[in-house]
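Engineer: Sharing coords.tsv below, TSV, C-alpha atoms:
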```
chain	number	residue	atom	x	y	z
D	1	MET	CA	-10.82	-14.41	-3.58
D	2	ASN	CA	-11.90	-10.99	-2.32
D	3	LYS	CA	-9.59	-8.33	-3.79
D	4	VAL	CA	-10.29	-4.87	-5.12
D	5	ILE	CA	-8.04	-2.19	-6.63
D	6	LEU	CA	-9.39	1.32	-7.11
D	7	MET	CA	-7.98	4.63	-8.29
D	8	GLY	CA	-9.71	7.89	-7.54
D	9	ARG	CA	-9.72	11.18	-5.67
D	10	LEU	CA	-10.74	11.78	-2.08
D	11	THR	CA	-14.06	13.62	-1.89
D	12	ARG	CA	-13.12	15.20	1.47
D	13	ASP	CA	-10.47	14.93	4.16
D	14	PRO	CA	-10.41	11.54	5.94
D	15	ASP	CA	-12.43	11.17	9.16
D	16	ILE	CA	-10.00	9.89	11.79
D	17	ARG	CA	-11.03	8.34	15.08
D	18	TYR	CA	-9.14	6.42	17.73
D	19	THR	CA	-10.32	3.39	19.65
D	20	GLN	CA	-10.37	3.69	23.42
D	21	GLY	CA	-8.29	1.64	25.76
D	22	GLU	CA	-4.69	0.97	26.56
D	23	ASN	CA	-3.70	0.11	22.98
D	24	SER	CA	-5.68	2.69	21.03
D	25	MET	CA	-5.75	2.26	17.25
D	26	ALA	CA	-6.47	4.81	14.54
D	27	ILE	CA	-9.40	4.23	12.18
D	28	ALA	CA	-9.70	6.37	9.04
D	29	ARG	CA	-12.80	6.58	6.88
D	30	TYR	CA	-12.83	8.31	3.54
D	31	THR	CA	-14.66	8.22	0.24
D	32	ILE	CA	-13.00	8.18	-3.15
D	33	ALA	CA	-14.63	9.18	-6.41
D	34	VAL	CA	-13.72	6.64	-9.08
D	35	ASP	CA	-14.41	7.66	-12.69
D	36	ARG	CA	-16.39	5.28	-14.84
D	37	ARG	CA	-15.44	4.71	-18.43
D	38	VAL	CA	-16.79	7.43	-20.68
D	39	ARG	CA	-20.08	6.61	-22.40
D	40	ARG	CA	-21.52	8.30	-25.43
D	41	ALA	CA	-24.74	10.14	-24.71
D	42	GLU	CA	-27.55	10.33	-27.27
D	43	GLY	CA	-26.46	13.72	-28.61
D	44	GLY	CA	-22.92	12.51	-29.30
D	45	ASN	CA	-21.54	14.21	-26.18
D	46	ASN	CA	-19.42	12.21	-23.79
D	47	GLU	CA	-21.00	11.56	-20.42
D	48	GLN	CA	-18.69	11.44	-17.40
D	49	SER	CA	-19.84	9.74	-14.23
D	50	ALA	CA	-18.24	8.43	-11.07
D	51	ASP	CA	-18.84	5.95	-8.29
D	52	PHE	CA	-18.31	7.08	-4.71
D	53	ILE	CA	-16.76	4.26	-2.73
D	54	GLY	CA	-16.32	4.22	1.03
D	55	CYS	CA	-12.97	3.06	2.37
D	56	VAL	CA	-11.82	2.27	5.90
D	57	ALA	CA	-8.19	1.94	7.02
D	58	PHE	CA	-6.89	0.72	10.36
D	59	GLY	CA	-3.68	1.23	12.35
D	60	ARG	CA	-0.67	2.54	10.48
D	61	SER	CA	-2.66	2.87	7.25
D	62	ALA	CA	-5.11	5.14	9.09
D	63	GLU	CA	-2.27	7.21	10.54
D	64	PHE	CA	-0.84	7.57	7.02
D	65	ALA	CA	-4.25	8.74	5.77
D	66	GLU	CA	-4.50	11.26	8.61
D	67	LYS	CA	-1.07	12.71	7.88
D	68	TYR	CA	-0.91	12.70	4.07
D	69	LEU	CA	-4.35	12.35	2.46
D	70	HIS	CA	-6.55	15.36	1.82
D	71	GLN	CA	-9.54	16.28	-0.30
D	72	GLY	CA	-8.63	15.98	-3.98
D	73	THR	CA	-5.64	13.67	-3.47
D	74	LYS	CA	-5.51	11.01	-6.18
D	75	ILE	CA	-4.74	7.62	-4.67
D	76	CYS	CA	-4.70	3.96	-5.56
D	77	VAL	CA	-6.31	1.72	-2.94
D	78	GLU	CA	-5.92	-2.04	-2.66
D	79	GLY	CA	-8.06	-4.01	-0.26
D	80	ARG	CA	-11.09	-6.22	0.19
D	81	ILE	CA	-14.83	-5.61	0.13
D	82	GLN	CA	-16.61	-6.01	3.43
D	83	THR	CA	-20.36	-5.91	3.86
D	84	GLY	CA	-22.31	-5.44	7.03
D	85	SER	CA	-25.57	-4.20	8.47
D	86	TYR	CA	-26.96	-2.37	11.48
D	87	THR	CA	-30.29	-1.10	12.71
D	88	ASN	CA	-30.57	2.69	12.75
D	89	LYS	CA	-32.40	4.73	15.41
D	90	ASP	CA	-35.61	4.55	13.35
D	91	GLY	CA	-35.53	0.75	13.55
D	92	GLN	CA	-34.67	0.26	9.89
D	93	LYS	CA	-31.98	-2.17	8.82
D	94	VAL	CA	-29.15	-0.45	6.92
D	95	TYR	CA	-26.72	-2.43	4.75
D	96	THR	CA	-23.15	-1.24	4.31
D	97	THR	CA	-20.38	-1.97	1.82
D	98	ASP	CA	-16.83	-0.70	2.41
D	99	VAL	CA	-13.37	-1.37	1.08
D	100	VAL	CA	-11.06	-2.39	3.92
D	101	VAL	CA	-7.76	-0.82	2.90
D	102	GLU	CA	-4.73	-3.09	2.88
D	103	ASN	CA	-2.50	-0.80	0.81
D	104	GLN	CA	-2.80	2.81	-0.37
D	105	GLU	CA	-0.46	4.78	-2.61
D	106	PHE	CA	-0.32	8.16	-4.25
D	107	ALA	CA	-1.43	7.97	-7.88
D	108	GLU	CA	0.17	11.20	-9.08
D	109	SER	CA	3.16	13.36	-8.31
D	110	LYS	CA	3.07	16.44	-6.15
D	111	ASN	CA	3.44	18.71	-9.23
D	112	ALA	CA	0.61	16.98	-11.09
D	113	ALA	CA	-1.63	17.29	-8.05
D	114	ALA	CA	-0.87	21.02	-7.78
D	115	SER	CA	-1.70	21.59	-11.45
D	116	ASN	CA	-4.97	19.63	-11.06
D	117	GLY	CA	-6.06	21.74	-8.12
D	118	GLY	CA	-5.48	18.96	-5.59
D	119	SER	CA	-4.19	19.71	-2.11
D	120	TYR	CA	-1.45	17.10	-2.06
D	121	ASN	CA	1.30	18.00	0.40
D	122	ALA	CA	2.87	14.77	1.48
D	123	GLY	CA	6.37	16.04	1.98
D	124	ARG	CA	7.50	13.22	-0.30
D	125	SER	CA	9.91	14.12	-3.04
D	126	TYR	CA	9.55	12.51	-6.45
D	127	GLY	CA	12.50	12.56	-8.80
D	128	SER	CA	16.23	12.76	-8.44
D	129	SER	CA	18.51	15.43	-7.13
D	130	GLY	CA	21.37	14.85	-9.58
D	131	ALA	CA	23.49	17.76	-10.64
D	132	SER	CA	23.36	16.79	-14.29
D	133	ASN	CA	20.40	17.75	-16.44
D	134	GLU	CA	20.59	14.39	-18.22
D	135	GLY	CA	18.31	11.91	-16.50
D	136	SER	CA	16.94	14.50	-14.13
D	137	SER	CA	13.27	14.23	-13.26
D	138	ILE	CA	10.52	16.34	-14.65
D	139	GLY	CA	7.44	17.36	-12.69
D	140	ASP	CA	5.41	14.23	-13.41
D	141	GLY	CA	7.68	11.85	-11.48
D	142	PHE	CA	9.26	10.27	-14.58
D	143	MET	CA	12.82	10.64	-15.77
D	144	ASN	CA	13.72	12.42	-18.97
D	145	ILE	CA	15.51	10.06	-21.34
D	146	PRO	CA	18.27	11.98	-23.11
D	147	ASP	CA	18.38	12.03	-26.92
D	148	GLY	CA	20.62	9.39	-28.44
D	149	VAL	CA	19.89	6.68	-25.85
D	150	GLU	CA	19.03	3.46	-27.64
D	151	ASP	CA	16.31	1.07	-26.47
D	152	GLU	CA	18.79	-1.65	-25.57
D	153	GLY	CA	20.33	0.67	-22.95
D	154	LEU	CA	17.08	0.83	-21.00
D	155	PRO	CA	16.47	-1.61	-18.12
D	156	PHE	CA	13.34	-3.11	-19.73
D	157	ASN	CA	12.18	-4.41	-23.08
```
Could you render the structure as structure tokens?
Structural biologist:
Amino acid sequence: MNKVILMGRLTRDPDIRYTQGENSMAIARYTIAVDRRVRRAEGGNNEQSADFIGCVAFGRSAEFAEKYLHQGTKICVEGRIQTGSYTNKDGQKVYTTDVVVENQEFAESKNAAASNGGSYNAGRSYGSSGASNEGSSIGDGFMNIPDGVEDEGLPFN
């Protein structure tokens, strides 16, 4: 089975190209920075590092990336790893590894992205538009649970 799930932030805006011909198709390439688990350095300080993983999306997924994804957007990508190779203009063989995107989703709300300095502007609204303050959404995309609600009233255990 070849399946990968990644969560990270776009390092720059996606590069969008279209195939030529009668039925042109969008192809989006972007790189996401995926944080590694924190390791303790010798001096006791935490060391933060990231992997930069190339992703490629086709068709409607590429059009979605073109319209909604921007540098700094935190996304969750699901897909498969694909390797390949080509010979560059110097005659050297170059090996490639990309994630072919099968599904991509936002990994944070619009408000969280704005507070983290991201440039998320998807036009998607998270939360409810109820008139009551009880159960209304807060900026992180989750509902406030009013005081006095018991666990058995919630739709999960």
Engineer: Between atom CA of Arg12 of chain D and atom CA of Ile32 of chain D, what is the distance, to one decimal in Å?
Structural biologist: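 Atom-to-atom, atom CA of Arg12 of chain D and atom CA of Ile32 of chain D are spaced 8.4 Å apart.
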Engineer: Please compute the atom CA of Phe58 of chain D-atom CA of Lys110 of chain D distance, one decimal, in Å.
Structural biologist: 24.9 Å
Engineer: Which residue gives the smallest distance to Ala113 of chain D among D:Arg37, D:Arg60, D:Arg17, D:Lys74, with all atoms listed in the file counted?
Structural biologist: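 Of D:Arg37, D:Arg60, D:Arg17, D:Lys74, the one nearest Ala113 of chain D is D:Lys74, counting all atoms listed in the file.
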Engineer: For Leu6 of chain D, find every residue with an atom within 12 Å (counting only C-alpha atoms), except residues of its own chain fewer than 6 positions away, and show them as a ChimeraX atom specification.
Structural biologist: /D:31-36,51-55,74-81,99-107
Engineer: State, in Å with one decimal place, the distance from atom CA of Ala65 of chain D to atom CA of Val38 of chain D.
Structural biologist: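 Here the two named atoms are 29.3 Å from each other.
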Engineer: Rebuild segment 55-73 of chain D so that it carries N, CA, C and O atoms, then output the result as a PDB file, in the coordinates of the input.
Structural biologist:
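What follows is the written file out_30.pdb:
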```pdb
ATOM      1  N   CYS D  55     -14.153   3.833   2.000  1.00  0.00           N
ATOM      2  CA  CYS D  55     -12.970   3.060   2.370  1.00  0.00           C
ATOM      3  C   CYS D  55     -12.726   3.234   3.865  1.00  0.00           C
ATOM      4  O   CYS D  55     -12.999   4.294   4.424  1.00  0.00           O
ATOM      5  N   VAL D  56     -12.190   2.194   4.492  1.00  0.00           N
ATOM      6  CA  VAL D  56     -11.820   2.270   5.900  1.00  0.00           C
ATOM      7  C   VAL D  56     -10.435   1.662   6.066  1.00  0.00           C
ATOM      8  O   VAL D  56     -10.142   0.601   5.512  1.00  0.00           O
ATOM      9  N   ALA D  57      -9.564   2.391   6.779  1.00  0.00           N
ATOM     10  CA  ALA D  57      -8.190   1.940   7.020  1.00  0.00           C
ATOM     11  C   ALA D  57      -7.970   1.880   8.526  1.00  0.00           C
ATOM     12  O   ALA D  57      -8.511   2.694   9.284  1.00  0.00           O
ATOM     13  N   PHE D  58      -7.155   0.935   8.941  1.00  0.00           N
ATOM     14  CA  PHE D  58      -6.890   0.720  10.360  1.00  0.00           C
ATOM     15  C   PHE D  58      -5.398   0.861  10.652  1.00  0.00           C
ATOM     16  O   PHE D  58      -4.555   0.621   9.773  1.00  0.00           O
ATOM     17  N   GLY D  59      -5.071   1.221  11.887  1.00  0.00           N
ATOM     18  CA  GLY D  59      -3.680   1.230  12.350  1.00  0.00           C
ATOM     19  C   GLY D  59      -2.801   2.194  11.605  1.00  0.00           C
ATOM     20  O   GLY D  59      -3.136   3.357  11.421  1.00  0.00           O
ATOM     21  N   ARG D  60      -1.655   1.683  11.156  1.00  0.00           N
ATOM     22  CA  ARG D  60      -0.670   2.540  10.480  1.00  0.00           C
ATOM     23  C   ARG D  60      -1.214   3.115   9.179  1.00  0.00           C
ATOM     24  O   ARG D  60      -0.888   4.244   8.806  1.00  0.00           O
ATOM     25  N   SER D  61      -2.050   2.352   8.471  1.00  0.00           N
ATOM     26  CA  SER D  61      -2.660   2.870   7.250  1.00  0.00           C
ATOM     27  C   SER D  61      -3.551   4.069   7.562  1.00  0.00           C
ATOM     28  O   SER D  61      -3.600   5.040   6.805  1.00  0.00           O
ATOM     29  N   ALA D  62      -4.252   4.020   8.676  1.00  0.00           N
ATOM     30  CA  ALA D  62      -5.110   5.140   9.090  1.00  0.00           C
ATOM     31  C   ALA D  62      -4.268   6.341   9.490  1.00  0.00           C
ATOM     32  O   ALA D  62      -4.618   7.488   9.175  1.00  0.00           O
ATOM     33  N   GLU D  63      -3.157   6.107  10.161  1.00  0.00           N
ATOM     34  CA  GLU D  63      -2.270   7.210  10.540  1.00  0.00           C
ATOM     35  C   GLU D  63      -1.666   7.864   9.295  1.00  0.00           C
ATOM     36  O   GLU D  63      -1.521   9.083   9.236  1.00  0.00           O
ATOM     37  N   PHE D  64      -1.329   7.054   8.290  1.00  0.00           N
ATOM     38  CA  PHE D  64      -0.840   7.570   7.020  1.00  0.00           C
ATOM     39  C   PHE D  64      -1.912   8.457   6.367  1.00  0.00           C
ATOM     40  O   PHE D  64      -1.619   9.557   5.892  1.00  0.00           O
ATOM     41  N   ALA D  65      -3.149   7.970   6.362  1.00  0.00           N
ATOM     42  CA  ALA D  65      -4.250   8.740   5.770  1.00  0.00           C
ATOM     43  C   ALA D  65      -4.424  10.070   6.501  1.00  0.00           C
ATOM     44  O   ALA D  65      -4.631  11.113   5.872  1.00  0.00           O
ATOM     45  N   GLU D  66      -4.338  10.038   7.817  1.00  0.00           N
ATOM     46  CA  GLU D  66      -4.500  11.260   8.610  1.00  0.00           C
ATOM     47  C   GLU D  66      -3.415  12.286   8.264  1.00  0.00           C
ATOM     48  O   GLU D  66      -3.695  13.477   8.129  1.00  0.00           O
ATOM     49  N   LYS D  67      -2.203  11.816   8.088  1.00  0.00           N
ATOM     50  CA  LYS D  67      -1.070  12.710   7.880  1.00  0.00           C
ATOM     51  C   LYS D  67      -0.958  13.227   6.449  1.00  0.00           C
ATOM     52  O   LYS D  67      -0.630  14.383   6.220  1.00  0.00           O
ATOM     53  N   TYR D  68      -1.241  12.356   5.448  1.00  0.00           N
ATOM     54  CA  TYR D  68      -0.910  12.700   4.070  1.00  0.00           C
ATOM     55  C   TYR D  68      -2.085  12.859   3.119  1.00  0.00           C
ATOM     56  O   TYR D  68      -1.926  13.455   2.062  1.00  0.00           O
ATOM     57  N   LEU D  69      -3.244  12.302   3.414  1.00  0.00           N
ATOM     58  CA  LEU D  69      -4.350  12.350   2.460  1.00  0.00           C
ATOM     59  C   LEU D  69      -5.281  13.514   2.756  1.00  0.00           C
ATOM     60  O   LEU D  69      -5.628  13.757   3.903  1.00  0.00           O
ATOM     61  N   HIS D  70      -5.671  14.202   1.705  1.00  0.00           N
ATOM     62  CA  HIS D  70      -6.550  15.360   1.820  1.00  0.00           C
ATOM     63  C   HIS D  70      -7.536  15.349   0.664  1.00  0.00           C
ATOM     64  O   HIS D  70      -7.355  14.628  -0.311  1.00  0.00           O
ATOM     65  N   GLN D  71      -8.553  16.172   0.775  1.00  0.00           N
ATOM     66  CA  GLN D  71      -9.540  16.280  -0.300  1.00  0.00           C
ATOM     67  C   GLN D  71      -8.836  16.557  -1.616  1.00  0.00           C
ATOM     68  O   GLN D  71      -7.960  17.409  -1.703  1.00  0.00           O
ATOM     69  N   GLY D  72      -9.201  15.794  -2.651  1.00  0.00           N
ATOM     70  CA  GLY D  72      -8.630  15.980  -3.980  1.00  0.00           C
ATOM     71  C   GLY D  72      -7.410  15.139  -4.266  1.00  0.00           C
ATOM     72  O   GLY D  72      -7.002  15.040  -5.418  1.00  0.00           O
ATOM     73  N   THR D  73      -6.817  14.512  -3.248  1.00  0.00           N
ATOM     74  CA  THR D  73      -5.640  13.670  -3.470  1.00  0.00           C
ATOM     75  C   THR D  73      -6.028  12.450  -4.295  1.00  0.00           C
ATOM     76  O   THR D  73      -7.001  11.775  -3.987  1.00  0.00           O
TER      77      THR D  73
END
```
